[in-house]
There are 2 protein chains.
Amino acid sequence: MDTETPWLSERRQHIWRNWLRMNTELPAALHRRLRADSDLSLSDYDVLVQLTDTAEARVRVLDLARALRWERSRLSHHIRRMEGRGLVRREDVPGDGRGAYVVLTAHGRAAIEQAAPAHVRTVRDLVFDSVDADELTALGAAVDKVLARLEAAERPA
Amino acid sequence: MDTETPWLSERRQHIWRNWLRMNTELPAALHRRLRADSDLSLSDYDVLVQLTDTAEARVRVLDLARALRWERSRLSHHIRRMEGRGLVRREDVPGDGRGAYVVLTAHGRAAIEQAAPAHVRTVRDLVFDSVDADELTALGAAVDKVLARLEAAERPA
DNA sequence: CAGAAATGGTTGACGCGTCACACATCCCCC
DNA sequence: GGGGGATGTGTGACGCGTCAACCATTTCTG
């Protein structure tokens, strides 16, 4: 506990507020555009990306949760909903009676292949086209450092 | 539509993924710590900050929504819950029969005054202590540009 | 090989955010 | 001054994320 607990400087406060604002509005904008261009939510998209990244288009639930950094239960709920829309399906794991695969369906593959180009364009349009090379480098470094700090701080908890 | 619709470069993809990850984990960490140190959620905190920023500790609902960049209905729901916990209360607006003030209660003031120092420390600990001056400058610039692009892109919609 | 503990996954309840709509009040203009 | 639209706010339904508990299976340990 500091003796004074000073507030953030004017400048830091400004950066911090804008940072927070971008943090809420950028995903919201990406989400809106993705929904406008496809029938996928941002979460659906993330799940499908993970599935298409693997050769078999088939991933164990826990591996998927780890890759997405989602809680198991969140993933389970989401998979159930995606299954209902025919984007993925569950399959038993031969060797392990507890396990379950999440498998990309043909419909799911078609959905992400149709959605991906516009989404990538949106990301480039809203983010990468806005910042120049130096800023991007600094941004990447800052992000890496904050992430490292986050992991160090939250690990022992 | 591009003829090729190229994916993002390896480097950009890396930055982008880490950016997204930080975007989800930093607020989550802030939220956890705030909850651990107080009875406030991050949203509660934001609302209370807006109220303490005004001399009268009393703000019109619509002004509050604009300041927070929240939807009116979201704010309405949230105020109802906060009212139930005694953090704020609603008051009629004398001149305008439709309007409503959101007023900070003594309990609400006590809550944020108790929570703020630790929260500010958390922000400094997790963010500002991690990045050096140059990176912070670039980060601020990048955030400003993305925000400007976002507003330009979403305005006509 | 019998428990006990760990692992993989699901479920239910609850708070939150969004969307569409409802509703009252105010303002304007004829 | 009496509609008609605009403005300010609240509500209900629904999808999502979290938390705690649960169940089935596997693995460990004696």
# chains A, B, ... in the order shown; residues from 1 in each chain; ligands from 1

$ interface_residues --of "chain C" --to "chain A" --cutoff "12 Å" --atoms "only C-alpha atoms (C1' of nucleotides)" --output "list of chain:residue names"
C:DT7, C:DG8, C:DG9, C:DT10, C:DT11, C:DG12, C:DG17, C:DT18

$ write_last_selection --atoms "C-alpha atoms (C1' of nucleotides)" --output "compact mmCIF listing (two decimals), in the first residue's frame"
# COMPACT_ATOMS: atom_id res chain seq x y z
C1' DT C 7 -9.31 -36.46 -15.44
C1' DG C 8 -12.66 -35.17 -19.26
C1' DG C 9 -16.69 -33.35 -19.96
C1' DT C 10 -21.53 -31.66 -19.06
C1' DT C 11 -25.30 -29.29 -16.71
C1' DG C 12 -28.08 -25.65 -14.15
C1' DG C 17 -25.59 -7.22 -22.74
C1' DT C 18 -28.46 -6.73 -26.87

$ residues_around --residues "Leu42 (chain B)" --least-positions-apart "6" --cutoff "10 Å" --atoms "only C-alpha atoms (C1' of nucleotides)" --output "list in words"
Pro27, Ala28, Leu30, His31, Arg32, Arg33, Leu34, Arg35, Leu48 and His119 of chain B

$ write_last_selection --atoms "C-alpha atoms" --output "JSON list (two decimals), in the first residue's frame"
[["chain", "number", "residue", "atom", "x", "y", "z"],
["B", 27, "PRO", "CA", -10.06, -6.87, -18.42],
["B", 28, "ALA", "CA", -10.61, -10.29, -16.88],
["B", 30, "LEU", "CA", -8.75, -6.30, -13.64],
["B", 31, "HIS", "CA", -12.20, -7.61, -12.93],
["B", 32, "ARG", "CA", -10.94, -10.42, -10.73],
["B", 33, "ARG", "CA", -8.73, -8.13, -8.70],
["B", 34, "LEU", "CA", -11.40, -5.51, -8.30],
["B", 35, "ARG", "CA", -13.84, -8.14, -7.10],
["B", 48, "LEU", "CA", -19.39, 5.22, -10.07],
["B", 119, "HIS", "CA", -7.65, -0.54, -8.69]]

$ interface_residues --of "chain A" --to "chain B" --cutoff "9 Å" --atoms "only C-alpha atoms" --output "MDAnalysis selection string"
chainID A and resid 1:2 5:8 12 14:16 18:27 29 69 117:118 120:121 123:132 134:150 153:154

$ interface_residues --of "chain D" --to "chain B" --cutoff "10 Å" --atoms "only C-alpha atoms (C1' of nucleotides)" --output "PyMOL selection string"
chain D and resi 7-11

$ atom_distance --atom1 "CA of Trp70 (chain B)" --atom2 "CA of Ser43 (chain B)"
10.4 Å

$ select_by_dssp --residues "chain B" --states "strand (DSSP E or B)" --output "number ranges by chain"
B: 58-60, 88-93, 96-104

$ atom_distance --atom1 "CA of Ala106 (chain A)" --atom2 "CA of Leu87 (chain A)"
7.7 Å

$ select_by_dssp --residues "chain A" --states "alpha helix (DSSP H)" --output "VMD selection string"
chain A and resid 10 to 37 42 to 52 61 to 68 72 to 84 106 to 123 133 to 154
